[in-house]
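The next block is model.pdb, given as PDB, C-alpha atoms.
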```
ATOM      1  CA  MET A  27      28.487   6.939 103.820  1.00  0.00           C
ATOM      2  CA  THR A  28      26.328   7.222 106.945  1.00  0.00           C
ATOM      3  CA  VAL A  29      24.849  10.685 107.429  1.00  0.00           C
ATOM      4  CA  SER A  30      24.408  11.659 111.078  1.00  0.00           C
ATOM      5  CA  LEU A  31      21.086  13.137 112.082  1.00  0.00           C
ATOM      6  CA  PRO A  32      21.110  16.411 114.011  1.00  0.00           C
ATOM      7  CA  PRO A  33      20.469  16.288 117.751  1.00  0.00           C
ATOM      8  CA  GLY A  34      17.138  17.425 119.113  1.00  0.00           C
ATOM      9  CA  LEU A  35      15.640  19.112 122.146  1.00  0.00           C
ATOM     10  CA  ARG A  36      13.069  16.490 123.158  1.00  0.00           C
ATOM     11  CA  VAL A  37      14.935  15.313 126.264  1.00  0.00           C
ATOM     12  CA  GLU A  38      15.789  18.821 127.425  1.00  0.00           C
ATOM     13  CA  ARG A  39      12.217  20.052 127.014  1.00  0.00           C
ATOM     14  CA  ALA A  40      10.900  17.001 128.873  1.00  0.00           C
ATOM     15  CA  LEU A  41      13.150  17.885 131.804  1.00  0.00           C
ATOM     16  CA  LEU A  42      11.865  21.461 131.765  1.00  0.00           C
ATOM     17  CA  ASP A  43       8.268  20.220 131.607  1.00  0.00           C
ATOM     18  CA  ALA A  44       9.005  17.973 134.597  1.00  0.00           C
ATOM     19  CA  GLY A  45      10.046  20.966 136.691  1.00  0.00           C
ATOM     20  CA  ALA A  46      13.696  21.693 135.965  1.00  0.00           C
ATOM     21  CA  THR A  47      14.420  25.410 136.228  1.00  0.00           C
ATOM     22  CA  VAL A  48      17.554  25.141 134.082  1.00  0.00           C
ATOM     23  CA  VAL A  49      18.870  22.373 131.825  1.00  0.00           C
ATOM     24  CA  ILE A  50      22.635  22.191 131.411  1.00  0.00           C
ATOM     25  CA  GLY A  51      24.237  19.932 128.817  1.00  0.00           C
ATOM     26  CA  CYS A  52      27.588  18.464 129.901  1.00  0.00           C
ATOM     27  CA  ASP A  53      30.284  16.445 128.146  1.00  0.00           C
ATOM     28  CA  GLU A  54      33.974  15.706 128.587  1.00  0.00           C
ATOM     29  CA  VAL A  55      36.874  15.716 126.159  1.00  0.00           C
ATOM     30  CA  GLY A  56      40.440  14.471 126.414  1.00  0.00           C
ATOM     31  CA  ARG A  57      39.775  11.564 128.765  1.00  0.00           C
ATOM     32  CA  GLY A  58      41.836   9.165 126.657  1.00  0.00           C
ATOM     33  CA  ALA A  59      44.691  11.502 125.717  1.00  0.00           C
ATOM     34  CA  ILE A  60      48.240  10.883 126.936  1.00  0.00           C
ATOM     35  CA  ALA A  61      49.123  14.582 127.064  1.00  0.00           C
ATOM     36  CA  GLY A  62      47.359  17.745 128.115  1.00  0.00           C
ATOM     37  CA  PRO A  63      44.327  18.386 130.312  1.00  0.00           C
ATOM     38  CA  VAL A  64      40.946  16.770 130.442  1.00  0.00           C
ATOM     39  CA  GLY A  65      38.170  19.228 129.699  1.00  0.00           C
ATOM     40  CA  VAL A  66      34.488  19.429 130.568  1.00  0.00           C
ATOM     41  CA  GLY A  67      32.115  21.627 128.616  1.00  0.00           C
ATOM     42  CA  VAL A  68      28.723  22.849 129.785  1.00  0.00           C
ATOM     43  CA  ALA A  69      25.998  24.590 127.828  1.00  0.00           C
ATOM     44  CA  VAL A  70      22.813  26.053 129.309  1.00  0.00           C
ATOM     45  CA  LEU A  71      19.713  25.595 127.191  1.00  0.00           C
ATOM     46  CA  ASP A  72      17.907  28.820 126.336  1.00  0.00           C
ATOM     47  CA  PRO A  73      14.230  27.758 126.526  1.00  0.00           C
ATOM     48  CA  ALA A  74      13.296  30.436 124.009  1.00  0.00           C
ATOM     49  CA  ARG A  75      15.342  28.751 121.293  1.00  0.00           C
ATOM     50  CA  ARG A  76      13.293  26.574 118.972  1.00  0.00           C
ATOM     51  CA  ARG A  77      15.996  25.627 116.504  1.00  0.00           C
ATOM     52  CA  ILE A  78      19.472  24.272 117.015  1.00  0.00           C
ATOM     53  CA  PRO A  79      22.537  25.896 115.436  1.00  0.00           C
ATOM     54  CA  THR A  80      23.107  24.934 111.822  1.00  0.00           C
ATOM     55  CA  GLY A  81      25.670  22.146 111.616  1.00  0.00           C
ATOM     56  CA  LEU A  82      25.527  21.165 115.287  1.00  0.00           C
ATOM     57  CA  ARG A  83      26.489  17.555 115.944  1.00  0.00           C
ATOM     58  CA  ASP A  84      28.409  15.616 118.562  1.00  0.00           C
ATOM     59  CA  SER A  85      31.936  17.011 118.271  1.00  0.00           C
ATOM     60  CA  LYS A  86      33.327  13.560 117.445  1.00  0.00           C
ATOM     61  CA  LEU A  87      31.185  13.486 114.305  1.00  0.00           C
ATOM     62  CA  LEU A  88      32.451  16.819 112.984  1.00  0.00           C
ATOM     63  CA  PRO A  89      35.708  17.368 111.078  1.00  0.00           C
ATOM     64  CA  GLU A  90      37.890  19.977 112.755  1.00  0.00           C
ATOM     65  CA  PRO A  91      37.031  22.876 110.376  1.00  0.00           C
ATOM     66  CA  GLU A  92      33.303  22.263 110.920  1.00  0.00           C
ATOM     67  CA  ARG A  93      33.724  22.135 114.713  1.00  0.00           C
ATOM     68  CA  VAL A  94      35.586  25.424 114.685  1.00  0.00           C
ATOM     69  CA  ALA A  95      32.951  27.002 112.413  1.00  0.00           C
ATOM     70  CA  VAL A  96      29.973  25.896 114.516  1.00  0.00           C
ATOM     71  CA  ALA A  97      31.473  26.804 117.918  1.00  0.00           C
ATOM     72  CA  PRO A  98      30.638  30.560 117.732  1.00  0.00           C
ATOM     73  CA  ARG A  99      27.071  29.711 116.697  1.00  0.00           C
ATOM     74  CA  VAL A 100      26.808  27.356 119.669  1.00  0.00           C
ATOM     75  CA  ARG A 101      28.002  30.009 122.119  1.00  0.00           C
ATOM     76  CA  GLU A 102      25.501  32.499 120.690  1.00  0.00           C
ATOM     77  CA  TRP A 103      22.677  29.935 120.790  1.00  0.00           C
ATOM     78  CA  ALA A 104      23.191  28.815 124.387  1.00  0.00           C
ATOM     79  CA  ALA A 105      22.149  30.926 127.348  1.00  0.00           C
ATOM     80  CA  ALA A 106      25.658  30.408 128.774  1.00  0.00           C
ATOM     81  CA  THR A 107      28.655  28.130 128.196  1.00  0.00           C
ATOM     82  CA  ALA A 108      31.812  27.329 130.131  1.00  0.00           C
ATOM     83  CA  VAL A 109      34.745  24.922 130.044  1.00  0.00           C
ATOM     84  CA  GLY A 110      36.584  23.528 133.058  1.00  0.00           C
ATOM     85  CA  LEU A 111      39.972  21.842 132.906  1.00  0.00           C
ATOM     86  CA  ALA A 112      42.028  19.512 135.066  1.00  0.00           C
ATOM     87  CA  GLY A 113      45.695  19.416 134.127  1.00  0.00           C
ATOM     88  CA  ASN A 114      47.924  16.437 133.428  1.00  0.00           C
ATOM     89  CA  ASP A 115      49.563  16.898 136.831  1.00  0.00           C
ATOM     90  CA  GLU A 116      46.171  16.549 138.518  1.00  0.00           C
ATOM     91  CA  ILE A 117      45.414  13.469 136.431  1.00  0.00           C
ATOM     92  CA  ASP A 118      48.731  11.926 137.463  1.00  0.00           C
ATOM     93  CA  GLY A 119      48.153  12.779 141.111  1.00  0.00           C
ATOM     94  CA  GLN A 120      44.459  12.013 141.533  1.00  0.00           C
ATOM     95  CA  GLY A 121      43.486   9.773 138.635  1.00  0.00           C
ATOM     96  CA  ILE A 122      41.176  10.396 135.735  1.00  0.00           C
ATOM     97  CA  SER A 123      37.901   9.833 137.622  1.00  0.00           C
ATOM     98  CA  ARG A 124      38.543  12.525 140.216  1.00  0.00           C
ATOM     99  CA  SER A 125      40.049  14.794 137.588  1.00  0.00           C
ATOM    100  CA  LEU A 126      36.867  14.609 135.537  1.00  0.00           C
ATOM    101  CA  GLY A 127      34.973  15.718 138.634  1.00  0.00           C
ATOM    102  CA  ILE A 128      37.460  18.527 139.260  1.00  0.00           C
ATOM    103  CA  ALA A 129      37.117  19.790 135.686  1.00  0.00           C
ATOM    104  CA  GLY A 130      33.340  19.451 135.829  1.00  0.00           C
ATOM    105  CA  ALA A 131      33.134  21.423 139.066  1.00  0.00           C
ATOM    106  CA  ARG A 132      35.220  24.175 137.485  1.00  0.00           C
ATOM    107  CA  ALA A 133      32.908  24.255 134.473  1.00  0.00           C
ATOM    108  CA  ILE A 134      29.779  24.477 136.635  1.00  0.00           C
ATOM    109  CA  GLY A 135      31.530  27.112 138.741  1.00  0.00           C
ATOM    110  CA  GLY A 136      32.106  29.075 135.550  1.00  0.00           C
ATOM    111  CA  LEU A 137      28.368  29.081 134.909  1.00  0.00           C
ATOM    112  CA  VAL A 138      27.668  30.250 138.452  1.00  0.00           C
ATOM    113  CA  ALA A 139      30.126  33.101 137.905  1.00  0.00           C
ATOM    114  CA  LEU A 140      28.062  34.063 134.847  1.00  0.00           C
ATOM    115  CA  GLY A 141      24.937  34.236 136.977  1.00  0.00           C
ATOM    116  CA  VAL A 142      23.415  30.826 136.290  1.00  0.00           C
ATOM    117  CA  GLY A 143      21.447  29.641 139.321  1.00  0.00           C
ATOM    118  CA  LEU A 144      21.653  25.988 140.297  1.00  0.00           C
ATOM    119  CA  GLY A 145      18.487  25.762 142.378  1.00  0.00           C
ATOM    120  CA  GLY A 146      16.256  23.309 140.517  1.00  0.00           C
ATOM    121  CA  ALA A 147      18.861  22.878 137.759  1.00  0.00           C
ATOM    122  CA  VAL A 148      19.360  19.570 135.974  1.00  0.00           C
ATOM    123  CA  VAL A 149      22.637  18.601 134.328  1.00  0.00           C
ATOM    124  CA  LEU A 150      22.182  16.255 131.373  1.00  0.00           C
ATOM    125  CA  LEU A 151      25.426  14.271 131.322  1.00  0.00           C
ATOM    126  CA  ASP A 152      26.596  12.100 128.453  1.00  0.00           C
ATOM    127  CA  GLY A 153      27.193   8.444 129.351  1.00  0.00           C
ATOM    128  CA  ASN A 154      25.927   6.103 132.041  1.00  0.00           C
ATOM    129  CA  TRP A 155      28.215   7.132 134.912  1.00  0.00           C
ATOM    130  CA  ASP A 156      27.821  10.211 137.109  1.00  0.00           C
ATOM    131  CA  TRP A 157      31.414  11.332 137.652  1.00  0.00           C
ATOM    132  CA  LEU A 158      30.245  14.934 138.069  1.00  0.00           C
ATOM    133  CA  THR A 159      28.401  14.873 141.411  1.00  0.00           C
ATOM    134  CA  PRO A 160      31.426  13.715 143.470  1.00  0.00           C
ATOM    135  CA  GLY A 161      33.426  16.578 141.983  1.00  0.00           C
ATOM    136  CA  LEU A 162      30.726  19.104 142.815  1.00  0.00           C
ATOM    137  CA  VAL A 163      30.507  17.802 146.393  1.00  0.00           C
ATOM    138  CA  ALA A 164      34.294  17.901 146.794  1.00  0.00           C
ATOM    139  CA  ALA A 165      34.357  21.467 145.464  1.00  0.00           C
ATOM    140  CA  GLY A 166      31.923  22.510 148.183  1.00  0.00           C
ATOM    141  CA  LEU A 167      29.207  23.936 145.947  1.00  0.00           C
ATOM    142  CA  PRO A 168      26.438  25.132 148.278  1.00  0.00           C
ATOM    143  CA  VAL A 169      23.728  24.133 145.783  1.00  0.00           C
ATOM    144  CA  LEU A 170      23.987  20.901 143.827  1.00  0.00           C
ATOM    145  CA  PRO A 171      22.153  20.410 140.546  1.00  0.00           C
ATOM    146  CA  ARG A 172      20.517  17.071 139.839  1.00  0.00           C
ATOM    147  CA  VAL A 173      22.565  15.024 137.386  1.00  0.00           C
ATOM    148  CA  VAL A 174      20.807  12.844 134.804  1.00  0.00           C
ATOM    149  CA  THR A 175      22.969  10.512 132.734  1.00  0.00           C
ATOM    150  CA  ARG A 176      22.034   9.444 129.223  1.00  0.00           C
ATOM    151  CA  VAL A 177      23.958   7.214 126.851  1.00  0.00           C
ATOM    152  CA  LYS A 178      24.629   8.924 123.501  1.00  0.00           C
ATOM    153  CA  ALA A 179      23.364  12.248 124.829  1.00  0.00           C
ATOM    154  CA  ASP A 180      26.224  13.921 122.965  1.00  0.00           C
ATOM    155  CA  ARG A 181      24.712  12.581 119.742  1.00  0.00           C
ATOM    156  CA  ASP A 182      20.995  12.965 120.495  1.00  0.00           C
ATOM    157  CA  CYS A 183      20.601  15.999 122.808  1.00  0.00           C
ATOM    158  CA  ALA A 184      21.399  19.437 121.436  1.00  0.00           C
ATOM    159  CA  ALA A 185      22.512  20.932 124.760  1.00  0.00           C
ATOM    160  CA  VAL A 186      25.006  18.107 125.242  1.00  0.00           C
ATOM    161  CA  SER A 187      26.185  18.305 121.630  1.00  0.00           C
ATOM    162  CA  ALA A 188      26.752  22.022 122.226  1.00  0.00           C
ATOM    163  CA  ALA A 189      28.767  21.274 125.356  1.00  0.00           C
ATOM    164  CA  SER A 190      30.860  18.728 123.482  1.00  0.00           C
ATOM    165  CA  VAL A 191      31.694  21.212 120.718  1.00  0.00           C
ATOM    166  CA  VAL A 192      32.600  23.982 123.149  1.00  0.00           C
ATOM    167  CA  ALA A 193      34.851  21.638 125.151  1.00  0.00           C
ATOM    168  CA  LYS A 194      36.512  20.049 122.117  1.00  0.00           C
ATOM    169  CA  VAL A 195      37.315  23.325 120.358  1.00  0.00           C
ATOM    170  CA  HIS A 196      38.648  24.842 123.592  1.00  0.00           C
ATOM    171  CA  ARG A 197      40.911  21.905 124.435  1.00  0.00           C
ATOM    172  CA  ASP A 198      42.086  21.490 120.846  1.00  0.00           C
ATOM    173  CA  GLY A 199      43.030  25.151 120.825  1.00  0.00           C
ATOM    174  CA  LEU A 200      45.166  24.682 123.925  1.00  0.00           C
ATOM    175  CA  MET A 201      47.009  21.757 122.356  1.00  0.00           C
ATOM    176  CA  ILE A 202      47.530  23.624 119.095  1.00  0.00           C
ATOM    177  CA  ASP A 203      48.868  26.645 120.980  1.00  0.00           C
ATOM    178  CA  ARG A 204      51.241  24.348 122.879  1.00  0.00           C
ATOM    179  CA  HIS A 205      52.495  22.691 119.690  1.00  0.00           C
ATOM    180  CA  ASP A 206      55.162  25.290 118.942  1.00  0.00           C
ATOM    181  CA  ALA A 207      56.758  24.744 122.360  1.00  0.00           C
ATOM    182  CA  HIS A 208      56.978  20.976 121.726  1.00  0.00           C
ATOM    183  CA  PRO A 209      56.662  20.450 117.948  1.00  0.00           C
ATOM    184  CA  VAL A 210      58.208  16.967 117.976  1.00  0.00           C
ATOM    185  CA  TYR A 211      55.036  15.453 119.444  1.00  0.00           C
ATOM    186  CA  GLY A 212      52.721  16.633 116.666  1.00  0.00           C
ATOM    187  CA  TRP A 213      50.035  18.081 118.930  1.00  0.00           C
ATOM    188  CA  ARG A 214      48.697  20.278 116.147  1.00  0.00           C
ATOM    189  CA  SER A 215      47.357  17.100 114.541  1.00  0.00           C
ATOM    190  CA  ASN A 216      46.976  14.539 117.342  1.00  0.00           C
ATOM    191  CA  LYS A 217      45.847  16.968 120.103  1.00  0.00           C
ATOM    192  CA  GLY A 218      47.717  14.898 122.690  1.00  0.00           C
ATOM    193  CA  TYR A 219      46.057  11.576 121.879  1.00  0.00           C
ATOM    194  CA  ALA A 220      47.976   8.366 121.383  1.00  0.00           C
ATOM    195  CA  SER A 221      49.274   7.585 117.909  1.00  0.00           C
ATOM    196  CA  ARG A 222      52.227   5.720 116.478  1.00  0.00           C
ATOM    197  CA  SER A 223      54.051   8.979 115.709  1.00  0.00           C
ATOM    198  CA  HIS A 224      53.304  10.427 119.154  1.00  0.00           C
ATOM    199  CA  TYR A 225      54.703   7.379 120.917  1.00  0.00           C
ATOM    200  CA  ALA A 226      57.710   7.395 118.592  1.00  0.00           C
ATOM    201  CA  ALA A 227      58.433  11.019 119.533  1.00  0.00           C
ATOM    202  CA  ILE A 228      58.208  10.167 123.235  1.00  0.00           C
ATOM    203  CA  GLY A 229      60.552   7.247 122.687  1.00  0.00           C
ATOM    204  CA  GLU A 230      63.085   9.468 120.955  1.00  0.00           C
ATOM    205  CA  HIS A 231      62.811  12.665 122.990  1.00  0.00           C
ATOM    206  CA  GLY A 232      61.223  11.533 126.240  1.00  0.00           C
ATOM    207  CA  PRO A 233      58.039  13.004 127.740  1.00  0.00           C
ATOM    208  CA  CYS A 234      57.594  16.711 128.446  1.00  0.00           C
ATOM    209  CA  ASP A 235      55.848  18.642 131.182  1.00  0.00           C
ATOM    210  CA  TRP A 236      52.428  18.221 129.540  1.00  0.00           C
ATOM    211  CA  HIS A 237      52.498  14.441 129.318  1.00  0.00           C
ATOM    212  CA  ARG A 238      50.540  12.284 131.724  1.00  0.00           C
ATOM    213  CA  ARG A 239      53.476  10.363 133.144  1.00  0.00           C
ATOM    214  CA  THR A 240      51.335   7.654 134.740  1.00  0.00           C
ATOM    215  CA  TRP A 241      49.764   6.946 131.337  1.00  0.00           C
ATOM    216  CA  LEU A 242      53.013   6.277 129.493  1.00  0.00           C
ATOM    217  CA  HIS A 243      53.551   2.722 130.742  1.00  0.00           C
ATOM    218  CA  ALA A 244      51.479   1.399 127.818  1.00  0.00           C
ATOM    219  CA  LEU A 245      53.528  -0.209 125.076  1.00  0.00           C
ATOM    220  CA  PRO A 246      53.816   1.754 121.840  1.00  0.00           C
ATOM    221  CA  GLU A 247      52.158  -1.197 120.101  1.00  0.00           C
ATOM    222  CA  ALA A 248      48.946  -0.209 121.881  1.00  0.00           C
ATOM    223  CA  ALA A 249      48.824   2.858 119.674  1.00  0.00           C
ATOM    224  CA  ALA A 250      50.034   1.192 116.489  1.00  0.00           C
ATOM    225  CA  ASP A 251      46.627   1.432 114.881  1.00  0.00           C
ATOM    226  CA  ALA A 252      45.605   4.740 116.445  1.00  0.00           C
ATOM    227  CA  ALA A 253      45.045   7.512 113.962  1.00  0.00           C
ATOM    228  CA  ASP A 254      45.980  11.132 114.633  1.00  0.00           C
ATOM    229  CA  GLU A 255      42.852  12.974 115.705  1.00  0.00           C
ATOM    230  CA  THR A 256      41.885  16.102 113.827  1.00  0.00           C
TER     231      THR A 256
END
```

Step by step, read the file and then write its structure as structure tokens.
Amino acid sequence: MTVSLPPGLRVERALLDAGATVVIGCDEVGRGAIAGPVGVGVAVLDPARRRIPTGLRDSKLLPEPERVAVAPRVREWAAATAVGLAGNDEIDGQGISRSLGIAGARAIGGLVALGVGLGGAVVLLDGNWDWLTPGLVAAGLPVLPRVVTRVKADRDCAAVSAASVVAKVHRDGLMIDRHDAHPVYGWRSNKGYASRSHYAAIGEHGPCDWHRRTWLHALPEAAADAADET
């Protein structure tokens, strides 16, 4: 079994040394789901912290109980955290790319509401595509942080790992809370992602108000090998 190494703070500290006033880790969750919102988590690095929270990893590498257990430690460790969401109706109406930007702008706006200044701030964004800046521009933020993309930042950079955990636990909680209203879809286990049983439930009962209608054209066979996410 491969053991994942914990993320570090080398990249974040290099950004601070290069002049960043604030480093904000950023990651998305729920992009590939067929039901529920897409979420964006942000976590502000506290420069005084020298150690990362025990058990912190990219949220995808943590079993659900470990994610839930580490989330409070992450929120205590970070200087500030926030999660922004864009609903399935926004995804249907504007597409996933714009919806990621919408959710990201809401997350950054949440930090601003907590008193985080964006002058000289750098957002460290997982991946190789800056979907965040267009959302911030569209939202009319008066001050735009600089966005730096990095592949596997959610695995290697503690601030981004923290953002991924905060976003994942928040969105999972929404789907679990929604399960009782629509138990046939199994959201407590699949969290709105595609699986054979999820598609079967849609085929039998039809979609509900939390499904992304424009995403349901895919054949059920496309999810035949998909496992329920926990």

Can I get the residues of range 47-110 of chain A within 10 Å of range 157-172 of chain A, each with the closest pair of atoms and their distance in Å to one decimal, using only C-alpha atoms, sorted chain first then ascending number, as CSV?
```
residue,atom,partner,partner_atom,distance
A:Val48,CA,A:Pro171,CA,9.2
A:Val49,CA,A:Pro171,CA,9.5
A:Ile50,CA,A:Pro171,CA,9.3
A:Cys52,CA,A:Leu158,CA,9.3
A:Val66,CA,A:Leu158,CA,9.7
```

When you look at range 55-62 of chain A with a cut-off of 6 Å (counting only C-alpha atoms), what residues show up, excluding the ones that are within fewer than 5 positions of it in the same chain? I need them as an mmCIF file with C-alpha atoms, keeping the file's coordinate frame.
```cif
data_model
loop_
_atom_site.group_PDB
_atom_site.id
_atom_site.type_symbol
_atom_site.label_atom_id
_atom_site.label_comp_id
_atom_site.auth_asym_id
_atom_site.auth_seq_id
_atom_site.Cartn_x
_atom_site.Cartn_y
_atom_site.Cartn_z
ATOM 1 C CA ASN A 114 47.924 16.437 133.428
ATOM 2 C CA LYS A 194 36.512 20.049 122.117
ATOM 3 C CA GLY A 218 47.717 14.898 122.690
ATOM 4 C CA TYR A 219 46.057 11.576 121.879
ATOM 5 C CA TRP A 236 52.428 18.221 129.540
ATOM 6 C CA HIS A 237 52.498 14.441 129.318
ATOM 7 C CA ARG A 238 50.540 12.284 131.724
#
```

- [ ] Point out the residue among A:Val195, A:Leu150, A:Leu87, A:Val173 with the least atom-to-atom distance to Leu71 in chain A, counting all atoms listed in the file.
- [x]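 Closest to Leu71 in chain A of all the choices is A:Leu150.
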
- [ ] Name the residues that the PyMOL selection byres ((chain A and resi 178) around 10) pulls out of this structure, and write them as a ChimeraX atom specification.
- [x] /A:84,151-154,175-177,179-183,186-187

TODO: For Gly65 in chain A, please output as a ChimeraX atom specification all residues within 12 Å (counting only C-alpha atoms; exclusion window: fewer than 4 positions along the same chain).
DONE: /A:52-59,108-114,117,122,125-133,189-201

- [ ] Work out how far apart CA of Thr107 in chain A and CA of Leu41 in chain A are and give it in Å to one decimal.
- [x]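 Separating CA of Thr107 in chain A from CA of Leu41 in chain A is a distance of 18.9 Å.
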
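Between Val149 in chain A and the residues A:Ile134, A:Glu230, A:Gly34, A:Arg214, the shortest atom-to-atom distance, using all atoms listed in the file, involves A:Ile134.
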
Expanded to explicit residues, what is the PyMOL selection byres ((chain A and resi 213) around 9) for this file, as a PDB file with C-alpha atoms, in the coordinates of the input?
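See out_34.pdb below for the written result:
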```pdb
ATOM      1  CA  ALA A  61      49.123  14.582 127.064  1.00  0.00           C
ATOM      2  CA  ASP A 198      42.086  21.490 120.846  1.00  0.00           C
ATOM      3  CA  MET A 201      47.009  21.757 122.356  1.00  0.00           C
ATOM      4  CA  ILE A 202      47.530  23.624 119.095  1.00  0.00           C
ATOM      5  CA  ASP A 203      48.868  26.645 120.980  1.00  0.00           C
ATOM      6  CA  ARG A 204      51.241  24.348 122.879  1.00  0.00           C
ATOM      7  CA  HIS A 205      52.495  22.691 119.690  1.00  0.00           C
ATOM      8  CA  ASP A 206      55.162  25.290 118.942  1.00  0.00           C
ATOM      9  CA  HIS A 208      56.978  20.976 121.726  1.00  0.00           C
ATOM     10  CA  PRO A 209      56.662  20.450 117.948  1.00  0.00           C
ATOM     11  CA  VAL A 210      58.208  16.967 117.976  1.00  0.00           C
ATOM     12  CA  TYR A 211      55.036  15.453 119.444  1.00  0.00           C
ATOM     13  CA  GLY A 212      52.721  16.633 116.666  1.00  0.00           C
ATOM     14  CA  ARG A 214      48.697  20.278 116.147  1.00  0.00           C
ATOM     15  CA  SER A 215      47.357  17.100 114.541  1.00  0.00           C
ATOM     16  CA  ASN A 216      46.976  14.539 117.342  1.00  0.00           C
ATOM     17  CA  LYS A 217      45.847  16.968 120.103  1.00  0.00           C
ATOM     18  CA  GLY A 218      47.717  14.898 122.690  1.00  0.00           C
ATOM     19  CA  TYR A 219      46.057  11.576 121.879  1.00  0.00           C
ATOM     20  CA  HIS A 224      53.304  10.427 119.154  1.00  0.00           C
TER      21      HIS A 224
END
```

TODO: Kindly indicate which residue among A:Leu82, A:Ala185, A:Ala74, A:Ala227 lies nearest to Arg36 in chain A, using all atoms listed in the file for the distances.
DONE: A:Ala185

Task: Two-atom distance - CA of Ala184 in chain A, CA of Pro33 in chain A (Å) - done: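 Computing the Euclidean distance for CA of Ala184 in chain A and CA of Pro33 in chain A yields 4.9 Å.
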
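Between CA of Ala188 in chain A and CA of Gly146 in chain A lies a distance of 21.1 Å.
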
- [ ] Rank A:Val94, A:Pro89, A:Trp103, A:Val174 by their smallest atom-to-atom distance to Val148 in chain A, using only C-alpha atoms, and report the top residue only.
- [x] A:Val174

Task: Nearest to Leu144 in chain A by atom-to-atom distance, counting all atoms listed in the file, from A:Glu38, A:Val70, A:Ser123, A:Pro32 - done: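 The closest residue to Leu144 in chain A is A:Val70.
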
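Counting all atoms listed in the file and comparing A:Pro73, A:Thr80, A:Ser30, A:Gly141, the residue that lies closest to Arg93 in chain A is A:Thr80.
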
Range 149-165 of chain A, all listed atoms, 8 Å padding on each side: what axis-aligned box centre and edge lengths in Å to one decimal come out, as lines of an AutoDock Vina configuration file?
```
center_x = 28.3
center_y = 13.8
center_z = 137.6
size_x = 28.2
size_y = 31.4
size_z = 34.3
```
